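J.: So I've got this file, my_file-v6.txt, and it contains compact mmCIF, C-alpha atoms and all ligand atoms:
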```txt
# COMPACT_ATOMS: atom_id res chain seq x y z
CA MET N 1 -16.92 22.84 0.09
CA THR N 2 -18.88 24.29 -2.86
CA THR N 3 -17.11 25.24 -6.07
CA GLN N 4 -18.72 26.72 -9.13
CA ASN N 5 -17.24 25.96 -12.53
CA THR N 6 -19.43 27.90 -14.96
CA ASP N 7 -22.25 25.37 -15.37
CA LEU N 8 -21.20 22.63 -12.97
CA ILE N 9 -21.75 23.31 -9.27
CA ARG N 10 -19.88 20.96 -6.96
CA THR N 11 -20.45 20.39 -3.24
CA ASP N 12 -18.48 17.78 -1.31
CA LEU N 13 -20.87 15.87 0.95
CA THR N 14 -18.32 14.45 3.44
CA PRO N 15 -14.55 14.99 3.69
CA LEU N 16 -13.55 11.59 2.24
CA ILE N 17 -16.41 10.42 0.02
CA ALA N 18 -19.23 11.74 -2.21
CA THR N 19 -19.74 14.96 -4.13
CA GLN N 20 -23.05 16.48 -5.16
CA LEU N 21 -23.23 18.06 -8.59
CA GLU N 22 -25.72 20.42 -10.18
CA ALA N 23 -25.87 20.82 -13.95
CA ASN N 24 -28.51 21.00 -16.61
CA ILE N 25 -29.63 17.83 -18.37
CA SER N 26 -28.65 18.86 -21.90
CA ASP N 27 -25.10 19.66 -20.78
CA LEU N 28 -24.85 16.28 -19.04
CA ILE N 29 -26.10 14.38 -22.09
CA SER N 30 -23.82 16.32 -24.43
CA GLY N 31 -20.82 14.85 -22.59
CA LYS N 32 -19.56 18.34 -21.73
CA PHE N 33 -18.62 17.25 -18.20
CA SER N 34 -17.81 13.59 -18.76
CA ASN N 35 -14.05 13.93 -18.11
CA GLU N 36 -14.68 15.95 -14.98
CA ILE N 37 -17.27 13.48 -13.69
CA GLY N 38 -14.98 10.50 -14.45
CA GLU N 39 -12.15 12.12 -12.47
CA LEU N 40 -14.47 13.02 -9.60
CA LEU N 41 -15.74 9.45 -9.44
CA GLU N 42 -12.22 8.13 -9.01
CA GLN N 43 -11.32 10.78 -6.43
CA ARG N 44 -14.56 10.89 -4.44
CA GLY N 45 -16.14 7.44 -5.05
CA VAL N 46 -19.70 8.77 -5.39
CA VAL N 47 -21.28 11.57 -7.43
CA ALA N 48 -24.90 12.52 -6.69
CA PHE N 49 -27.44 14.67 -8.53
CA ARG N 50 -30.59 15.69 -6.67
CA GLU N 51 -34.01 15.35 -8.35
CA LEU N 52 -32.61 15.24 -11.88
CA ASN N 53 -35.59 13.13 -13.06
CA LEU N 54 -33.96 11.70 -16.20
CA THR N 55 -36.06 9.61 -18.57
CA ASP N 56 -34.76 6.10 -19.40
CA GLU N 57 -33.39 7.37 -22.71
CA GLN N 58 -31.64 10.28 -21.01
CA GLN N 59 -30.12 7.98 -18.38
CA LEU N 60 -28.80 5.66 -21.12
CA ALA N 61 -27.41 8.57 -23.13
CA PHE N 62 -25.74 10.10 -20.06
CA THR N 63 -24.24 6.71 -19.09
CA GLN N 64 -22.75 6.39 -22.60
CA THR N 65 -20.97 9.72 -22.24
CA LEU N 66 -19.05 8.35 -19.23
CA ASN N 67 -17.79 5.21 -20.98
CA THR N 68 -14.07 5.15 -21.71
CA THR N 69 -13.92 1.55 -23.03
CA ASP N 70 -14.83 -0.03 -26.38
CA ILE N 71 -17.62 -2.03 -24.71
CA GLN N 72 -21.03 -0.75 -25.76
CA ASP N 73 -23.44 -2.75 -23.65
CA TYR N 74 -26.15 -0.49 -22.35
CA LYS N 75 -29.38 -1.49 -20.71
CA VAL N 76 -31.58 -0.32 -17.89
CA THR N 77 -31.92 -2.85 -15.06
CA LYS N 78 -34.75 -2.55 -12.56
CA ILE N 79 -33.56 -2.90 -8.98
CA THR N 80 -36.58 -3.81 -6.92
CA MET N 81 -37.79 -6.52 -4.56
CA ASP N 82 -41.15 -6.53 -6.34
CA PRO N 83 -41.35 -9.97 -8.09
CA LEU N 84 -43.82 -8.57 -10.65
CA GLU N 85 -41.20 -6.08 -11.82
CA ASN N 86 -38.15 -8.32 -11.37
CA PRO N 87 -38.24 -12.15 -11.53
CA ASN N 88 -34.81 -12.24 -9.81
CA ALA N 89 -36.02 -10.24 -6.80
CA ASP N 90 -34.68 -12.89 -4.42
CA TYR N 91 -31.08 -12.28 -5.53
CA ILE N 92 -31.50 -8.56 -5.05
CA LYS N 93 -31.80 -9.19 -1.29
CA GLY N 94 -28.01 -9.57 -1.33
CA ALA N 95 -28.01 -5.78 -1.80
CA PHE N 96 -28.61 -5.40 1.96
CA TYR N 97 -25.01 -6.49 2.64
CA TRP N 98 -21.79 -4.63 1.82
CA HIS N 99 -20.57 -5.71 -1.61
CA ILE N 100 -18.66 -4.79 -4.74
CA ASP N 101 -20.37 -5.69 -8.02
CA GLY N 102 -18.53 -8.19 -10.23
CA THR N 103 -16.26 -9.93 -7.71
CA MET N 104 -17.06 -13.20 -9.49
CA LEU N 105 -15.51 -11.73 -12.67
CA ASP N 106 -11.92 -10.83 -13.51
CA ILE N 107 -12.90 -7.35 -14.68
CA PRO N 108 -15.69 -5.66 -12.72
CA VAL N 109 -17.83 -2.82 -14.03
CA PHE N 110 -16.22 0.57 -13.52
CA ALA N 111 -19.32 2.34 -12.29
CA SER N 112 -23.06 2.12 -11.76
CA VAL N 113 -25.56 4.89 -12.40
CA MET N 114 -28.77 4.55 -10.38
CA SER N 115 -31.88 6.69 -10.34
CA SER N 116 -34.84 6.47 -7.98
CA ARG N 117 -38.23 5.93 -9.62
CA ARG N 118 -40.31 4.89 -6.59
CA LEU N 119 -39.33 5.27 -2.95
CA SER N 120 -39.97 3.22 0.15
CA GLU N 121 -41.72 5.16 2.90
CA THR N 122 -39.11 3.85 5.35
CA GLY N 123 -35.48 2.83 5.02
CA GLY N 124 -33.97 2.16 1.60
CA ARG N 125 -30.97 4.47 1.71
CA THR N 126 -27.93 3.43 -0.28
CA GLU N 127 -24.64 3.50 1.62
CA PHE N 128 -21.17 3.65 0.12
CA SER N 129 -17.77 2.99 1.68
CA ASN N 130 -14.63 4.48 0.15
CA THR N 131 -12.24 1.52 -0.04
CA TYR N 132 -9.35 3.69 -1.31
CA ALA N 133 -9.63 5.99 1.70
CA ALA N 134 -10.03 3.03 4.06
CA TYR N 135 -6.82 1.48 2.72
CA ASP N 136 -4.91 4.78 2.82
CA ALA N 137 -5.81 5.30 6.50
CA LEU N 138 -4.50 1.90 7.65
CA PRO N 139 -1.30 1.98 9.74
CA GLU N 140 1.80 1.25 7.60
CA ASP N 141 2.57 -2.05 9.37
CA GLU N 142 -0.97 -3.31 8.67
CA LYS N 143 -0.70 -2.29 5.02
CA ALA N 144 2.54 -4.27 4.78
CA ALA N 145 0.89 -7.32 6.38
CA LEU N 146 -1.94 -7.27 3.80
CA GLU N 147 0.38 -7.07 0.80
CA GLY N 148 0.16 -10.23 -1.35
CA LEU N 149 -2.85 -11.75 0.45
CA GLN N 150 -5.36 -13.47 -1.85
CA VAL N 151 -9.05 -13.79 -0.99
CA VAL N 152 -11.35 -16.55 -2.23
CA HIS N 153 -14.70 -15.07 -3.34
CA MET N 154 -17.71 -17.33 -3.75
CA PHE N 155 -21.24 -16.59 -4.94
CA GLU N 156 -22.59 -19.00 -2.33
CA THR N 157 -20.96 -16.98 0.48
CA SER N 158 -23.03 -13.94 -0.49
CA GLN N 159 -26.22 -15.96 -0.94
CA LEU N 160 -25.90 -17.56 2.52
CA TYR N 161 -26.48 -14.11 4.07
CA VAL N 162 -29.95 -14.13 2.52
CA ASN N 163 -30.77 -17.84 2.59
CA PRO N 164 -28.75 -19.59 5.34
CA GLU N 165 -30.43 -23.01 4.91
CA PRO N 166 -30.58 -23.61 1.13
CA SER N 167 -31.76 -26.90 -0.35
CA ILE N 168 -29.03 -28.98 -1.97
CA GLU N 169 -30.43 -28.03 -5.40
CA THR N 170 -30.13 -24.35 -4.56
CA LEU N 171 -26.62 -24.78 -3.16
CA LYS N 172 -25.53 -26.66 -6.30
CA MET N 173 -26.96 -23.91 -8.46
CA TRP N 174 -24.95 -21.31 -6.49
CA GLN N 175 -21.88 -23.53 -6.81
CA SER N 176 -22.18 -23.50 -10.59
CA PHE N 177 -20.33 -20.17 -10.26
CA GLN N 178 -16.67 -21.03 -9.80
CA PRO N 179 -14.81 -19.39 -6.89
CA ASN N 180 -12.70 -16.38 -7.86
CA VAL N 181 -9.40 -15.59 -6.18
CA LEU N 182 -8.74 -11.85 -5.89
CA PRO N 183 -6.08 -9.74 -4.19
CA LEU N 184 -7.11 -8.25 -0.85
CA VAL N 185 -5.34 -5.05 -1.85
CA TRP N 186 -5.99 -3.92 -5.41
CA THR N 187 -3.16 -1.88 -6.93
CA HIS N 188 -4.89 0.16 -9.61
CA ARG N 189 -3.30 1.37 -12.84
CA SER N 190 -3.18 4.83 -11.29
CA GLY N 191 -0.93 3.44 -8.52
CA ARG N 192 -3.64 3.98 -5.88
CA LYS N 193 -4.63 1.04 -3.72
CA SER N 194 -8.04 -0.06 -2.47
CA LEU N 195 -9.40 -2.92 -0.36
CA VAL N 196 -11.37 -5.68 -2.11
CA LEU N 197 -13.92 -6.91 0.43
CA GLY N 198 -17.67 -7.58 0.48
CA SER N 199 -20.22 -10.32 0.88
CA THR N 200 -18.65 -12.73 -1.64
CA ALA N 201 -15.35 -12.81 0.33
CA SER N 202 -15.14 -16.25 1.90
CA HIS N 203 -11.62 -16.82 3.22
CA ILE N 204 -7.97 -16.02 2.67
CA GLU N 205 -5.61 -18.39 0.90
CA GLY N 206 -2.94 -19.85 3.14
CA MET N 207 -4.67 -18.78 6.39
CA SER N 208 -6.90 -20.87 8.61
CA LEU N 209 -10.61 -20.35 7.92
CA ARG N 210 -11.15 -18.64 11.27
CA GLU N 211 -8.10 -16.38 11.04
CA GLY N 212 -9.01 -15.35 7.48
CA ARG N 213 -12.62 -14.62 8.37
CA ALA N 214 -11.53 -12.60 11.40
CA LEU N 215 -9.25 -10.47 9.20
CA LEU N 216 -11.95 -9.95 6.54
CA THR N 217 -14.46 -8.96 9.24
CA LYS N 218 -12.01 -6.61 10.94
CA LEU N 219 -11.29 -4.91 7.61
CA ARG N 220 -15.00 -4.60 6.78
CA ASP N 221 -15.55 -2.97 10.18
CA TRP N 222 -12.63 -0.65 9.44
CA ALA N 223 -13.77 0.29 5.93
CA THR N 224 -17.37 0.96 7.01
CA GLN N 225 -16.55 3.40 9.83
CA PRO N 226 -18.51 6.66 9.51
CA GLU N 227 -15.56 8.66 8.12
CA PHE N 228 -15.32 6.40 5.06
CA VAL N 229 -19.09 6.13 4.46
CA TYR N 230 -21.66 8.25 2.62
CA SER N 231 -25.31 7.36 3.18
CA HIS N 232 -27.65 8.61 0.45
CA GLU N 233 -31.22 9.31 1.52
CA TRP N 234 -33.11 9.20 -1.76
CA LYS N 235 -35.51 11.80 -3.10
CA LEU N 236 -37.56 10.90 -6.14
CA GLY N 237 -35.58 11.42 -9.35
CA ASP N 238 -32.12 11.50 -7.71
CA LEU N 239 -29.30 10.03 -9.75
CA VAL N 240 -26.25 8.59 -8.01
CA ILE N 241 -23.11 7.25 -9.70
CA TRP N 242 -20.49 5.24 -7.86
CA ASP N 243 -17.03 4.02 -8.76
CA ASN N 244 -17.52 0.31 -8.22
CA THR N 245 -13.75 -0.25 -8.27
CA GLY N 246 -13.08 1.98 -5.26
CA THR N 247 -16.19 1.57 -3.14
CA MET N 248 -18.45 -1.03 -1.53
CA HIS N 249 -22.17 -0.38 -1.27
CA ARG N 250 -25.35 -1.70 0.33
CA ALA N 251 -29.01 -0.79 0.69
CA THR N 252 -30.35 -0.19 4.20
CA PRO N 253 -33.38 -2.33 5.09
CA TYR N 254 -36.79 -1.43 3.64
CA PRO N 255 -40.07 -3.34 3.49
CA LEU N 256 -40.01 -5.85 0.63
CA ASP N 257 -43.53 -4.81 -0.40
CA SER N 258 -42.70 -1.08 -0.38
CA GLY N 259 -42.57 -0.86 -4.18
CA ARG N 260 -39.10 0.80 -4.03
CA LEU N 261 -37.82 0.90 -7.60
CA MET N 262 -34.44 1.98 -8.90
CA TYR N 263 -33.25 2.03 -12.50
CA ARG N 264 -29.60 1.14 -12.92
CA THR N 265 -27.28 1.45 -15.89
CA GLN N 266 -23.61 0.53 -15.82
CA ILE N 267 -20.33 1.76 -17.24
CA ALA N 268 -18.06 -1.06 -18.37
CA GLY N 269 -14.68 -1.46 -16.71
CA ASP N 270 -11.40 -2.43 -18.36
CA GLU N 271 -9.24 -2.80 -15.26
CA PRO N 272 -8.76 -6.31 -13.84
CA PHE N 273 -8.44 -6.85 -10.09
CA MET N 274 -4.62 -6.87 -9.68
C1 LIG H 1 -27.23 -2.49 -5.43
O1 LIG H 1 -26.74 -3.16 -4.55
O2 LIG H 1 -26.74 -2.47 -6.57
C2 LIG H 1 -28.48 -1.66 -5.17
C3 LIG H 1 -28.42 -0.85 -3.94
C4 LIG H 1 -29.78 -0.26 -3.59
O3 LIG H 1 -30.82 -0.82 -3.99
O4 LIG H 1 -29.81 0.74 -2.88
```
As a first step, turn the structure in this file into structure tokens.

T.:
Amino acid sequence: MTTQNTDLIRTDLTPLIATQLEANISDLISGKFSNEIGELLEQRGVVAFRELNLTDEQQLAFTQTLNTTDIQDYKVTKITMDPLENPNADYIKGAFYWHIDGTMLDIPVFASVMSSRRLSETGGRTEFSNTYAAYDALPEDEKAALEGLQVVHMFETSQLYVNPEPSIETLKMWQSFQPNVLPLVWTHRSGRKSLVLGSTASHIEGMSLREGRALLTKLRDWATQPEFVYSHEWKLGDLVIWDNTGTMHRATPYPLDSGRLMYRTQIAGDEPFM
């Protein structure tokens, strides 16, 4: 579907997730469309602009226009596996697995804004799963069975995907992050519900380890079926924004020495996992 609202052209990219927008940079930075973009993010999970080619300053200014909280904490983070550009490149490898940012916190960021500055010749898409739509599509009896379940999230669980045989020093460092217990079903202020899954999810309180892991895996399979997923194949200068509170995301594999470089800014959240 393409709709044209004077200066904002909107095309839905799949039925359940992701909308492409076209607008000029000065309108975006003026905040003219910030309400509309905020609403679209919540409804569609992902908003993409093709080949916008914002400068760092423009990306920061645009990010600020989307903030609805009092938190003013803006910076550009380089997302790359290149250790010369990013000393924490090893942690970034966790990006290859489905995750929600901020599951070790009580209040996650609302949204991330990411632009492509250098591409990998192969791989390196970013994929998004709409966790509102995945919850909505569950059969009613399964929704009822999930109600009230609490999931234990641990930083070490996500790191074990990348480094399955850590030294004891490394494991202890990971364990310096305390586990966080979050609801499996997040009831948002709007009344909508989404699934809280991802690579930090370790087990479910009150269930055996195996039963809990089987349920978390089944739900991840469910939420990452093609109808709930948008896969963004990057062109240079694209800018993609995702609602981190209603989606999971991951990068598809790409060579670690490809030079792929993304610049990410974030929009603070003010809604705790409930
Ligand atoms: C991320 O997980 O925040 C980054 C995803 C990507 O590099 O495509």

J.: Counting only C-alpha atoms and all ligand atoms, name the residues that have an atom within 8 Å of an atom of ligand LIG 1 (chain H); the answer should be given as a count of residues only.

T.: 19

J.: Could you pull the residues within 12 Å of Pro166 of chain N, counting only C-alpha atoms, minus those fewer than 6 positions along the same chain, as a PyMOL selection string?

T.: chain N and resi 156-157+159-160+172-175

J.: Let me make sure I understand: among N:Leu256, N:Leu236, N:Met274, N:Met114, which one has the smallest atom-to-atom distance to Leu195 of chain N if we use all atoms listed in the file?

T.: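 With all atoms listed in the file as the atom set, the closest residue is N:Met274.
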
J.: Point out the residue among N:Ala23, N:Val185, N:Ile168, N:Ala137 with the least atom-to-atom distance to Gln150 of chain N, counting all atoms listed in the file.

T.: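 For Gln150 of chain N, the nearest of the given residues is N:Val185.
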
J.: Considering all atoms listed in the file, can you say which of N:Phe155, N:Tyr91, N:Trp242, N:Tyr254 comes closest to Tyr230 of chain N?

T.: N:Trp242

J.: Expressed in Å to a single decimal, how great is the separation between atom CA of Gln72 of chain N and atom CA of Leu84 of chain N?

T.: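 Those two atoms sit 28.4 Å apart.
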
J.: Do you know which residues are at most 12 Å from Thr187 of chain N counting only C-alpha atoms, after dropping those on the same chain fewer than 2 positions away, and could you put them as a PDB file with C-alpha atoms, in the coordinates of the input?

T.:
```
ATOM      1  CA  THR N 131     -12.240   1.520  -0.040  1.00  0.00           C
ATOM      2  CA  TYR N 132      -9.350   3.690  -1.310  1.00  0.00           C
ATOM      3  CA  TYR N 135      -6.820   1.480   2.720  1.00  0.00           C
ATOM      4  CA  ASP N 136      -4.910   4.780   2.820  1.00  0.00           C
ATOM      5  CA  GLU N 147       0.380  -7.070   0.800  1.00  0.00           C
ATOM      6  CA  GLY N 148       0.160 -10.230  -1.350  1.00  0.00           C
ATOM      7  CA  LEU N 182      -8.740 -11.850  -5.890  1.00  0.00           C
ATOM      8  CA  PRO N 183      -6.080  -9.740  -4.190  1.00  0.00           C
ATOM      9  CA  LEU N 184      -7.110  -8.250  -0.850  1.00  0.00           C
ATOM     10  CA  VAL N 185      -5.340  -5.050  -1.850  1.00  0.00           C
ATOM     11  CA  ARG N 189      -3.300   1.370 -12.840  1.00  0.00           C
ATOM     12  CA  SER N 190      -3.180   4.830 -11.290  1.00  0.00           C
ATOM     13  CA  GLY N 191      -0.930   3.440  -8.520  1.00  0.00           C
ATOM     14  CA  ARG N 192      -3.640   3.980  -5.880  1.00  0.00           C
ATOM     15  CA  LYS N 193      -4.630   1.040  -3.720  1.00  0.00           C
ATOM     16  CA  SER N 194      -8.040  -0.060  -2.470  1.00  0.00           C
ATOM     17  CA  LEU N 195      -9.400  -2.920  -0.360  1.00  0.00           C
ATOM     18  CA  VAL N 196     -11.370  -5.680  -2.110  1.00  0.00           C
ATOM     19  CA  THR N 245     -13.750  -0.250  -8.270  1.00  0.00           C
ATOM     20  CA  GLY N 246     -13.080   1.980  -5.260  1.00  0.00           C
ATOM     21  CA  GLU N 271      -9.240  -2.800 -15.260  1.00  0.00           C
ATOM     22  CA  PRO N 272      -8.760  -6.310 -13.840  1.00  0.00           C
ATOM     23  CA  PHE N 273      -8.440  -6.850 -10.090  1.00  0.00           C
ATOM     24  CA  MET N 274      -4.620  -6.870  -9.680  1.00  0.00           C
TER      25      MET N 274
END
```

J.: Quick one: 5 Å padding each side, axis-aligned, all listed atoms of segment 129-133 of chain N - centre and edge lengths in Å to one decimal, as lines of an AutoDock Vina configuration file?

T.:
```
center_x = -13.6
center_y = 3.8
center_z = 0.2
size_x = 18.4
size_y = 14.5
size_z = 13.0
```

J.: Atom CA of Val151 of chain N and atom CA of Leu209 of chain N, how far apart in Å?

T.: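 Between atom CA of Leu209 of chain N and atom CA of Val151 of chain N the gap works out to 11.2 Å.
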
J.: Rank N:Phe49, N:Tyr74, N:Phe228, N:Phe177 by their smallest atom-to-atom distance to Ile17 of chain N, using all atoms listed in the file, and report the top residue only.

T.: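 Smallest distance to Ile17 of chain N is found for N:Phe228.
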
J.: Could you check which of N:Ile71, N:Leu239, N:Ala134, N:Val181 is closest to Thr224 of chain N, using all atoms listed in the file?

T.: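 Ranked by minimum distance to Thr224 of chain N, first place goes to N:Ala134.
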
J.: For Lys75 of chain N, which residue out of N:Ser30, N:Gln225, N:Gln59, N:Asn88 is the nearest one, using all atoms listed in the file?

T.: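 Looking at the shortest contact to Lys75 of chain N, the residue is N:Gln59.
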
J.: Please return as a PDB file with C-alpha atoms, in the frame of the given file every residue within 8 Å of (-13.8, -15.6, -4.3), taking into account only C-alpha atoms and the file's own coordinates.

T.:
```pdb
ATOM      1  CA  THR N 103     -16.260  -9.930  -7.710  1.00  0.00           C
ATOM      2  CA  MET N 104     -17.060 -13.200  -9.490  1.00  0.00           C
ATOM      3  CA  VAL N 151      -9.050 -13.790  -0.990  1.00  0.00           C
ATOM      4  CA  VAL N 152     -11.350 -16.550  -2.230  1.00  0.00           C
ATOM      5  CA  HIS N 153     -14.700 -15.070  -3.340  1.00  0.00           C
ATOM      6  CA  MET N 154     -17.710 -17.330  -3.750  1.00  0.00           C
ATOM      7  CA  PHE N 155     -21.240 -16.590  -4.940  1.00  0.00           C
ATOM      8  CA  PRO N 179     -14.810 -19.390  -6.890  1.00  0.00           C
ATOM      9  CA  ASN N 180     -12.700 -16.380  -7.860  1.00  0.00           C
ATOM     10  CA  VAL N 181      -9.400 -15.590  -6.180  1.00  0.00           C
ATOM     11  CA  LEU N 182      -8.740 -11.850  -5.890  1.00  0.00           C
ATOM     12  CA  THR N 200     -18.650 -12.730  -1.640  1.00  0.00           C
ATOM     13  CA  ALA N 201     -15.350 -12.810   0.330  1.00  0.00           C
ATOM     14  CA  SER N 202     -15.140 -16.250   1.900  1.00  0.00           C
ATOM     15  CA  HIS N 203     -11.620 -16.820   3.220  1.00  0.00           C
TER      16      HIS N 203
END
```

J.: Please fill the gaps in segment 123-148 of chain N so it has N, CA and C atoms, and write that as a compact mmCIF listing (two decimals), in the coordinates of the input.

T.:
```txt
# COMPACT_ATOMS: atom_id res chain seq x y z
N GLY N 123 -36.74 3.49 5.37
CA GLY N 123 -35.48 2.83 5.02
C GLY N 123 -35.12 3.04 3.56
N GLY N 124 -34.28 2.11 3.03
CA GLY N 124 -33.97 2.16 1.60
C GLY N 124 -32.97 3.22 1.19
N ARG N 125 -32.09 3.64 2.15
CA ARG N 125 -30.97 4.47 1.71
C ARG N 125 -29.99 3.60 0.95
N THR N 126 -29.07 4.19 0.24
CA THR N 126 -27.93 3.43 -0.28
C THR N 126 -26.68 3.99 0.38
N GLU N 127 -25.85 3.08 0.91
CA GLU N 127 -24.64 3.50 1.62
C GLU N 127 -23.41 3.06 0.83
N PHE N 128 -22.40 3.90 0.87
CA PHE N 128 -21.17 3.65 0.12
C PHE N 128 -19.97 3.81 1.05
N SER N 129 -19.01 2.90 0.89
CA SER N 129 -17.77 2.99 1.68
C SER N 129 -16.61 3.22 0.72
N ASN N 130 -15.77 4.18 1.02
CA ASN N 130 -14.63 4.48 0.15
C ASN N 130 -13.47 3.54 0.50
N THR N 131 -13.25 2.54 -0.36
CA THR N 131 -12.24 1.52 -0.04
C THR N 131 -10.81 1.98 -0.38
N TYR N 132 -10.68 3.08 -1.15
CA TYR N 132 -9.35 3.69 -1.31
C TYR N 132 -8.98 4.39 0.00
N ALA N 133 -9.92 5.21 0.49
CA ALA N 133 -9.63 5.99 1.70
C ALA N 133 -9.40 5.06 2.90
N ALA N 134 -10.17 3.97 2.94
CA ALA N 134 -10.03 3.03 4.06
C ALA N 134 -8.64 2.38 4.02
N TYR N 135 -8.18 2.05 2.82
CA TYR N 135 -6.82 1.48 2.72
C TYR N 135 -5.78 2.53 3.11
N ASP N 136 -5.91 3.73 2.56
CA ASP N 136 -4.91 4.78 2.82
C ASP N 136 -4.74 5.03 4.32
N ALA N 137 -5.85 4.93 5.07
CA ALA N 137 -5.81 5.30 6.50
C ALA N 137 -5.28 4.17 7.40
N LEU N 138 -5.03 2.99 6.81
CA LEU N 138 -4.50 1.90 7.65
C LEU N 138 -3.08 2.24 8.11
N PRO N 139 -2.70 1.80 9.32
CA PRO N 139 -1.30 1.98 9.74
C PRO N 139 -0.36 1.25 8.77
N GLU N 140 0.86 1.80 8.61
CA GLU N 140 1.80 1.25 7.60
C GLU N 140 2.11 -0.22 7.85
N ASP N 141 2.23 -0.64 9.13
CA ASP N 141 2.57 -2.05 9.37
C ASP N 141 1.42 -2.96 8.95
N GLU N 142 0.18 -2.47 9.11
CA GLU N 142 -0.97 -3.31 8.67
C GLU N 142 -1.03 -3.38 7.15
N LYS N 143 -0.73 -2.26 6.50
CA LYS N 143 -0.70 -2.29 5.02
C LYS N 143 0.31 -3.33 4.56
N ALA N 144 1.48 -3.33 5.19
CA ALA N 144 2.54 -4.27 4.78
C ALA N 144 2.07 -5.71 4.99
N ALA N 145 1.34 -5.95 6.09
CA ALA N 145 0.89 -7.32 6.38
C ALA N 145 -0.16 -7.80 5.38
N LEU N 146 -0.89 -6.87 4.75
CA LEU N 146 -1.94 -7.27 3.80
C LEU N 146 -1.39 -7.53 2.39
N GLU N 147 -0.22 -6.98 2.14
CA GLU N 147 0.38 -7.07 0.80
C GLU N 147 0.49 -8.54 0.37
N GLY N 148 0.01 -8.87 -0.81
CA GLY N 148 0.16 -10.23 -1.35
C GLY N 148 -0.94 -11.20 -0.92
```
